[in-house]
Amino acid sequence: MVHKSTLKPVFAIIVAAGSGRRCPGPQSKQFLNLNNQPLYLWSVKAFQECPDITNIIVVGPRQNPTALFEMGQKTTLFDKVIAVVAGGDSRTESVDIGVMTLAAKIDTLSEIDPILIHDGVRPLVTTDLIGKVAEQVEAEQIAIPTTTPTATVKKIVGKTITKTLDREEIGLAQTPQGVPYGLLREALDYWKKNPAKPITDEGALIENLPPEKRIGVTTINVPGESSNLKITFPEDLQQAESLLQKESSQEKPYKPGQATGFGYDVHAFAPNRKLILGGIEIPGHTGLAGHSDADVLIHALVDALLGAVGAGDIGRHFPDHDPAFKNLCSLHFLERAMAIVREKGFYLEAADITVVAQQPKLAPHIPAMLTILKKTIASPCQLNIKATTSEGLGFTGRREGIAAYAVATVTAIDYP
Ligand code: MG
């Protein structure tokens with residue numbers, strides 16, 4: 001599902017300042033590589049690509065100036081990043097520094113502007129989730145994405161389990177978490193004066209405010225994404241890698257801006273059949289053999305249309321063993337092929353058809369064919385029909401049947 005763009009300024013603070021004690025090795029977690037890119041840069045990329053996001057502040061590790069410098073260099077590619085700053089000793093301190101930097105950089109920052117705080121070690125956040133969180137933030141409304149635990153959850157007191165909790169009432173918090181600037185500033189100031197137990201997310205930071213300062217404030221639960229995992233342990237990184245691998249193996253098929261398809265068909269003459277060509281009946285001549293009305297011209301055109309949008313061939317959509325298509329007027333095939341063209345996101349730009357027949361003379365019938373074909377296509381396009389003989393050569397020359405060739409060019413609806 002695609003959410004609506006919020007059209008209000010939305011700012012992001014990506015916190016990548018941690019020292020990452022739980023992942024072994026000399027590096028902090030946010031600098032570990034996922035498909036040759038440090039984790040924090042995946043987040044920066046997702047926020048850069050999200051149309052809702054106006055500007056981004058990246059908060060890096062204070063205790064590692066080399067890494068911080070490198071962060072500054074790597075993020076210059078992303079024009080929404082307006083600052084890379086050194087963070088503090090705790091997550092909340094780093095968020096505070098990020099928010100102060102933002103306020104110093106953006107003169108027009110208003111109390112109600114959403115600020116999205118994201119953990120730099122959640123590399124697979126999607127632009128869709130970012131947008132959904134941004135959309136929910138209002139003056140007295142914060143938004144937190146959560147997922148439901150898959151395991152049964154127990155309440156533990158000391159060494160004993162005291163209760164099985166209702167999973168539906170439990171949410172595992174993710175980021176980005178969205179808070180309006182005014183409320184976030186107030187909660188950070190309060191926390192600085194009243195340092196409480198470690199605060200691990202913005203939801204807890206707001207809960208840390210005394211109740212009288214939270215009147216009217218609601219926290220919206222946004223459905224999180226299971227792929228939005230936090231890289232804490234080495235196996236999380238492996239899981240992220242396999243998620244990316246899965247995603248790339250399901251890559252969307254390439255969609256061209258414009259494409260051309262080609263179609264070819266032959267039908268033999270048969271006694272006691274009407275000759276139907278280009279959607280009209282041509283009187284006084286033997287018809288063509290076939291399961292449907294054997295309109296060879298339309299069949300070639302349908303194959304060209306299907307070919308142009310990569311949708312296989314006429315036999316796949318209208319099998320000749322299907323009784324539904326017996327003696328069916330081929331204009332129905334054309335109508336259906338046009339619907340497939342539209343479903344695939346294209347419109348027909350132009351089609352050109354050549355019919356090869358020794359007999360009958362087709363030129364006088366072409367205007368009537370064009371009229372009915374255009375009516376069936378039902379959208380403006382350039383349509384051309386040509387008739388030729390094969391100078392007496394081959395099966396058409398021997399008056400055994402009729403052949404038709406067609407090319408069709410389609411343009412993507414969103415093509416500039
Ligand atoms: Mg055919």
# chains A, B, ... in the order shown; residues from 1 in each chain; ligands from 1
call {"tool": "closest_atom_pairs", "arguments": {"of": "chain A", "to": "ligand 1", "cutoff": "6 Å", "atoms": "only C-alpha atoms and all ligand atoms", "output": "CSV"}}
result
residue,atom,partner,partner_atom_place_in_ligand_line,distance
A:Asp265,CA,ligand 1,1 (Mg),5.4
A:Ala294,CA,ligand 1,1 (Mg),5.8
A:Val296,CA,ligand 1,1 (Mg),5.3
A:His299,CA,ligand 1,1 (Mg),5.1
call {"tool": "select_by_dssp", "arguments": {"residues": "range 241-412 of chain A", "states": "helix (DSSP H, G or I)", "output": "VMD selection string"}}
result
chain A and resid 241 to 249 296 to 308 314 to 317 323 to 325 331 to 343 363 to 377 394 to 397
call {"tool": "select_by_dssp", "arguments": {"residues": "range 33-201 of chain A", "states": "strand (DSSP E or B)", "output": "ChimeraX atom specification"}}
result
/A:33-34,37-38,55-60,81-86,114-119,138,141-147,153-157,160-165,172-173,177-180
call {"tool": "closest_residue", "arguments": {"among": "A:Pro61, A:Gln258, A:Asn36, A:Leu102", "to": "Glu241 in chain A", "atoms": "only C-alpha atoms"}}
result
A:Asn36
call {"tool": "residues_around", "arguments": {"residues": "Arg185 in chain A", "least_positions_apart": "2", "cutoff": "10 Å", "atoms": "only C-alpha atoms", "output": "CSV table (one decimal) with N, CA, C and O atoms, in the first residue's frame"}}
result
chain,number,residue,atom,x,y,z
A,96,ASP,N,19.4,14.3,21.8
A,96,ASP,CA,19.3,15.8,22.2
A,96,ASP,C,20.2,16.6,21.3
A,96,ASP,O,19.9,17.7,20.8
A,99,VAL,N,18.7,17.0,17.9
A,99,VAL,CA,17.6,17.9,17.9
A,99,VAL,C,18.1,19.4,18.0
A,99,VAL,O,17.6,20.3,17.3
A,100,MET,N,19.1,19.6,18.8
A,100,MET,CA,19.7,21.0,19.0
A,100,MET,C,20.3,21.4,17.6
A,100,MET,O,20.2,22.6,17.2
A,103,ALA,N,17.5,22.4,15.2
A,103,ALA,CA,16.9,23.7,15.6
A,103,ALA,C,17.9,24.8,15.2
A,103,ALA,O,17.4,25.9,14.7
A,111,GLU,N,6.9,24.0,16.3
A,111,GLU,CA,6.5,23.1,17.4
A,111,GLU,C,5.9,21.8,16.9
A,111,GLU,O,6.0,20.8,17.6
A,179,VAL,N,7.9,12.2,16.7
A,179,VAL,CA,7.4,13.1,17.8
A,179,VAL,C,7.4,14.5,17.3
A,179,VAL,O,8.4,14.9,16.6
A,180,PRO,N,6.4,15.3,17.6
A,180,PRO,CA,6.4,16.7,17.2
A,180,PRO,C,7.6,17.4,17.9
A,180,PRO,O,7.9,17.1,19.1
A,181,TYR,N,8.2,18.4,17.2
A,181,TYR,CA,9.4,19.0,17.8
A,181,TYR,C,9.2,19.6,19.2
A,181,TYR,O,10.0,19.4,20.1
A,182,GLY,N,8.1,20.3,19.4
A,182,GLY,CA,7.8,21.0,20.7
A,182,GLY,C,7.8,20.0,21.8
A,182,GLY,O,8.5,20.2,22.9
A,183,LEU,N,7.1,18.9,21.6
A,183,LEU,CA,7.0,17.9,22.7
A,183,LEU,C,8.3,17.2,22.9
A,183,LEU,O,8.7,16.9,24.1
A,187,ALA,N,10.4,17.1,26.4
A,187,ALA,CA,10.7,15.8,27.0
A,187,ALA,C,12.3,15.7,27.3
A,187,ALA,O,12.7,15.2,28.3
A,188,LEU,N,13.0,16.2,26.3
A,188,LEU,CA,14.5,16.1,26.4
A,188,LEU,C,15.0,17.1,27.6
A,188,LEU,O,15.8,16.7,28.4
A,189,ASP,N,14.4,18.3,27.6
A,189,ASP,CA,14.8,19.2,28.7
A,189,ASP,C,14.4,18.7,30.0
A,189,ASP,O,15.2,18.8,31.0
A,190,TYR,N,13.2,18.0,30.1
A,190,TYR,CA,12.8,17.4,31.4
A,190,TYR,C,13.8,16.3,31.8
A,190,TYR,O,14.2,16.2,33.0
A,191,TRP,N,14.1,15.5,30.8
A,191,TRP,CA,15.0,14.4,31.1
A,191,TRP,C,16.4,14.9,31.6
A,191,TRP,O,17.0,14.3,32.5
call {"tool": "residues_around", "arguments": {"residues": "Asp201 in chain A", "least_positions_apart": "2", "cutoff": "8 Å", "atoms": "only C-alpha atoms", "output": "ChimeraX atom specification"}}
result
/A:92,177,199,203-205
call {"tool": "residues_around", "arguments": {"residues": "Ala311 in chain A", "least_positions_apart": "3", "cutoff": "12 Å", "atoms": "only C-alpha atoms", "output": "ChimeraX atom specification"}}
result
/A:253,261,302-308,314-317,336-344,346
call {"tool": "write_last_selection", "arguments": {"atoms": "N, CA and C atoms", "output": "PDB file, in the first residue's frame"}}
result
ATOM      1  N   PRO A 253      10.050  -7.217 -12.654  1.00  0.00           N
ATOM      2  CA  PRO A 253      10.480  -7.288 -14.046  1.00  0.00           C
ATOM      3  C   PRO A 253      10.734  -5.882 -14.590  1.00  0.00           C
ATOM      4  N   GLY A 261       5.895  -4.637 -30.164  1.00  0.00           N
ATOM      5  CA  GLY A 261       5.630  -6.074 -30.257  1.00  0.00           C
ATOM      6  C   GLY A 261       5.342  -6.439 -31.704  1.00  0.00           C
ATOM      7  N   VAL A 302      -3.357  -8.732 -32.169  1.00  0.00           N
ATOM      8  CA  VAL A 302      -3.419  -9.111 -30.747  1.00  0.00           C
ATOM      9  C   VAL A 302      -2.060  -9.636 -30.281  1.00  0.00           C
ATOM     10  N   ASP A 303      -1.424 -10.458 -31.101  1.00  0.00           N
ATOM     11  CA  ASP A 303      -0.102 -10.975 -30.730  1.00  0.00           C
ATOM     12  C   ASP A 303       0.927  -9.848 -30.626  1.00  0.00           C
ATOM     13  N   ALA A 304       0.826  -8.850 -31.511  1.00  0.00           N
ATOM     14  CA  ALA A 304       1.748  -7.714 -31.446  1.00  0.00           C
ATOM     15  C   ALA A 304       1.530  -6.929 -30.152  1.00  0.00           C
ATOM     16  N   LEU A 305       0.266  -6.729 -29.774  1.00  0.00           N
ATOM     17  CA  LEU A 305      -0.054  -5.995 -28.532  1.00  0.00           C
ATOM     18  C   LEU A 305       0.468  -6.746 -27.310  1.00  0.00           C
ATOM     19  N   LEU A 306       0.189  -8.060 -27.269  1.00  0.00           N
ATOM     20  CA  LEU A 306       0.633  -8.861 -26.135  1.00  0.00           C
ATOM     21  C   LEU A 306       2.158  -8.882 -26.061  1.00  0.00           C
ATOM     22  N   GLY A 307       2.774  -8.959 -27.243  1.00  0.00           N
ATOM     23  CA  GLY A 307       4.237  -8.964 -27.298  1.00  0.00           C
ATOM     24  C   GLY A 307       4.819  -7.658 -26.774  1.00  0.00           C
ATOM     25  N   ALA A 308       4.193  -6.545 -27.126  1.00  0.00           N
ATOM     26  CA  ALA A 308       4.705  -5.228 -26.724  1.00  0.00           C
ATOM     27  C   ALA A 308       4.705  -5.062 -25.206  1.00  0.00           C
ATOM     28  N   ILE A 314      -1.364 -15.009 -28.021  1.00  0.00           N
ATOM     29  CA  ILE A 314      -2.820 -15.166 -28.099  1.00  0.00           C
ATOM     30  C   ILE A 314      -3.280 -16.546 -27.604  1.00  0.00           C
ATOM     31  N   GLY A 315      -2.466 -17.569 -27.863  1.00  0.00           N
ATOM     32  CA  GLY A 315      -2.816 -18.932 -27.455  1.00  0.00           C
ATOM     33  C   GLY A 315      -2.879 -19.076 -25.938  1.00  0.00           C
ATOM     34  N   ARG A 316      -2.073 -18.282 -25.243  1.00  0.00           N
ATOM     35  CA  ARG A 316      -2.049 -18.347 -23.783  1.00  0.00           C
ATOM     36  C   ARG A 316      -3.312 -17.728 -23.191  1.00  0.00           C
ATOM     37  N   HIS A 317      -3.766 -16.647 -23.819  1.00  0.00           N
ATOM     38  CA  HIS A 317      -4.929 -15.940 -23.268  1.00  0.00           C
ATOM     39  C   HIS A 317      -6.253 -16.509 -23.782  1.00  0.00           C
ATOM     40  N   ARG A 336      -9.925  -7.517 -25.165  1.00  0.00           N
ATOM     41  CA  ARG A 336      -9.238  -8.096 -24.002  1.00  0.00           C
ATOM     42  C   ARG A 336      -7.742  -7.757 -24.038  1.00  0.00           C
ATOM     43  N   ALA A 337      -7.137  -7.825 -25.243  1.00  0.00           N
ATOM     44  CA  ALA A 337      -5.707  -7.497 -25.354  1.00  0.00           C
ATOM     45  C   ALA A 337      -5.463  -6.043 -24.961  1.00  0.00           C
ATOM     46  N   MET A 338      -6.374  -5.150 -25.344  1.00  0.00           N
ATOM     47  CA  MET A 338      -6.239  -3.737 -24.966  1.00  0.00           C
ATOM     48  C   MET A 338      -6.360  -3.567 -23.460  1.00  0.00           C
ATOM     49  N   ALA A 339      -7.238  -4.358 -22.844  1.00  0.00           N
ATOM     50  CA  ALA A 339      -7.379  -4.298 -21.382  1.00  0.00           C
ATOM     51  C   ALA A 339      -6.075  -4.756 -20.722  1.00  0.00           C
ATOM     52  N   ILE A 340      -5.426  -5.773 -21.295  1.00  0.00           N
ATOM     53  CA  ILE A 340      -4.146  -6.254 -20.744  1.00  0.00           C
ATOM     54  C   ILE A 340      -3.077  -5.165 -20.890  1.00  0.00           C
ATOM     55  N   VAL A 341      -3.071  -4.485 -22.052  1.00  0.00           N
ATOM     56  CA  VAL A 341      -2.120  -3.385 -22.273  1.00  0.00           C
ATOM     57  C   VAL A 341      -2.281  -2.332 -21.166  1.00  0.00           C
ATOM     58  N   ARG A 342      -3.534  -1.985 -20.872  1.00  0.00           N
ATOM     59  CA  ARG A 342      -3.794  -0.981 -19.827  1.00  0.00           C
ATOM     60  C   ARG A 342      -3.421  -1.495 -18.439  1.00  0.00           C
ATOM     61  N   GLU A 343      -3.778  -2.763 -18.168  1.00  0.00           N
ATOM     62  CA  GLU A 343      -3.434  -3.360 -16.860  1.00  0.00           C
ATOM     63  C   GLU A 343      -1.921  -3.343 -16.631  1.00  0.00           C
ATOM     64  N   LYS A 344      -1.167  -3.508 -17.709  1.00  0.00           N
ATOM     65  CA  LYS A 344       0.300  -3.522 -17.587  1.00  0.00           C
ATOM     66  C   LYS A 344       0.866  -2.100 -17.484  1.00  0.00           C
ATOM     67  N   PHE A 346       0.334   0.528 -19.822  1.00  0.00           N
ATOM     68  CA  PHE A 346       0.710   1.114 -21.117  1.00  0.00           C
ATOM     69  C   PHE A 346      -0.527   1.597 -21.877  1.00  0.00           C
TER      70      PHE A 346
END
call {"tool": "residues_around", "arguments": {"residues": "Leu39 in chain A", "least_positions_apart": "2", "cutoff": "6 Å", "atoms": "only C-alpha atoms", "output": "list in words"}}
result
Gln30, Phe31, Leu32, Asn33, Leu41, Trp42, Val121 and Pro123 of chain A
call {"tool": "write_last_selection", "arguments": {"atoms": "N, CA, C and O atoms", "output": "mmCIF file, in the first residue's frame"}}
result
data_model
loop_
_atom_site.group_PDB
_atom_site.id
_atom_site.type_symbol
_atom_site.label_atom_id
_atom_site.label_comp_id
_atom_site.auth_asym_id
_atom_site.auth_seq_id
_atom_site.Cartn_x
_atom_site.Cartn_y
_atom_site.Cartn_z
ATOM 1 N N GLN A 30 27.231 0.102 13.828
ATOM 2 C CA GLN A 30 26.703 0.907 12.720
ATOM 3 C C GLN A 30 27.668 0.991 11.537
ATOM 4 O O GLN A 30 27.294 1.399 10.454
ATOM 5 N N PHE A 31 28.938 0.568 11.780
ATOM 6 C CA PHE A 31 29.918 0.605 10.691
ATOM 7 C C PHE A 31 30.133 -0.765 10.067
ATOM 8 O O PHE A 31 30.911 -0.913 9.136
ATOM 9 N N LEU A 32 29.453 -1.775 10.596
ATOM 10 C CA LEU A 32 29.545 -3.102 9.974
ATOM 11 C C LEU A 32 28.958 -3.016 8.575
ATOM 12 O O LEU A 32 28.047 -2.224 8.321
ATOM 13 N N ASN A 33 29.473 -3.845 7.675
ATOM 14 C CA ASN A 33 29.012 -3.784 6.297
ATOM 15 C C ASN A 33 27.886 -4.771 6.024
ATOM 16 O O ASN A 33 27.953 -5.916 6.417
ATOM 17 N N LEU A 41 24.487 3.780 6.621
ATOM 18 C CA LEU A 41 24.279 4.377 5.303
ATOM 19 C C LEU A 41 23.010 3.831 4.627
ATOM 20 O O LEU A 41 22.376 4.528 3.832
ATOM 21 N N TRP A 42 22.633 2.599 4.960
ATOM 22 C CA TRP A 42 21.374 2.035 4.456
ATOM 23 C C TRP A 42 20.203 2.878 4.962
ATOM 24 O O TRP A 42 19.270 3.176 4.213
ATOM 25 N N VAL A 121 21.167 1.342 13.254
ATOM 26 C CA VAL A 121 21.440 -0.091 13.071
ATOM 27 C C VAL A 121 20.180 -0.848 12.662
ATOM 28 O O VAL A 121 20.064 -2.046 12.851
ATOM 29 N N PRO A 123 18.940 -1.191 9.237
ATOM 30 C CA PRO A 123 19.249 -0.812 7.850
ATOM 31 C C PRO A 123 18.108 -1.061 6.860
ATOM 32 O O PRO A 123 18.087 -0.439 5.813
#
call {"tool": "residues_around", "arguments": {"residues": "Gly397 in chain A", "least_positions_apart": "5", "cutoff": "10 Å", "atoms": "only C-alpha atoms", "output": "PDB file with C-alpha atoms, in the first residue's frame"}}
result
ATOM      1  CA  VAL A 356      -0.939 -10.966 -47.490  1.00  0.00           C
ATOM      2  CA  ALA A 357      -3.708 -12.343 -49.707  1.00  0.00           C
ATOM      3  CA  GLN A 358      -3.840 -13.126 -53.406  1.00  0.00           C
ATOM      4  CA  GLN A 359      -7.608 -12.818 -53.223  1.00  0.00           C
ATOM      5  CA  THR A 389      -0.312 -10.086 -52.632  1.00  0.00           C
ATOM      6  CA  SER A 390       2.681 -12.386 -52.767  1.00  0.00           C
ATOM      7  CA  GLU A 391       2.853 -12.208 -56.562  1.00  0.00           C
ATOM      8  CA  GLY A 392       1.432 -15.685 -56.916  1.00  0.00           C
ATOM      9  CA  ILE A 402      -4.224 -15.543 -45.804  1.00  0.00           C
TER      10      ILE A 402
END
call {"tool": "closest_residue", "arguments": {"among": "A:Ser330, A:Asn228, A:Ser110, A:Ser94", "to": "Glu281 in chain A", "atoms": "only C-alpha atoms"}}
result
A:Ser330
call {"tool": "closest_residue", "arguments": {"among": "A:Pro416, A:Pro211, A:Gly72, A:Gly278", "to": "Thr371 in chain A", "atoms": "only C-alpha atoms"}}
result
A:Gly278
call {"tool": "atom_distance", "arguments": {"atom1": "CA of Ile117 in chain A", "atom2": "CA of Glu247 in chain A"}}
result
25.6 Å
call {"tool": "atom_distance", "arguments": {"atom1": "CA of Asp52 in chain A", "atom2": "CA of Tyr254 in chain A"}}
result
26.1 Å
call {"tool": "closest_residue", "arguments": {"among": "A:Phe78, A:Ile280, A:Ala17, A:Gly88", "to": "Val59 in chain A", "atoms": "only C-alpha atoms"}}
result
A:Ala17
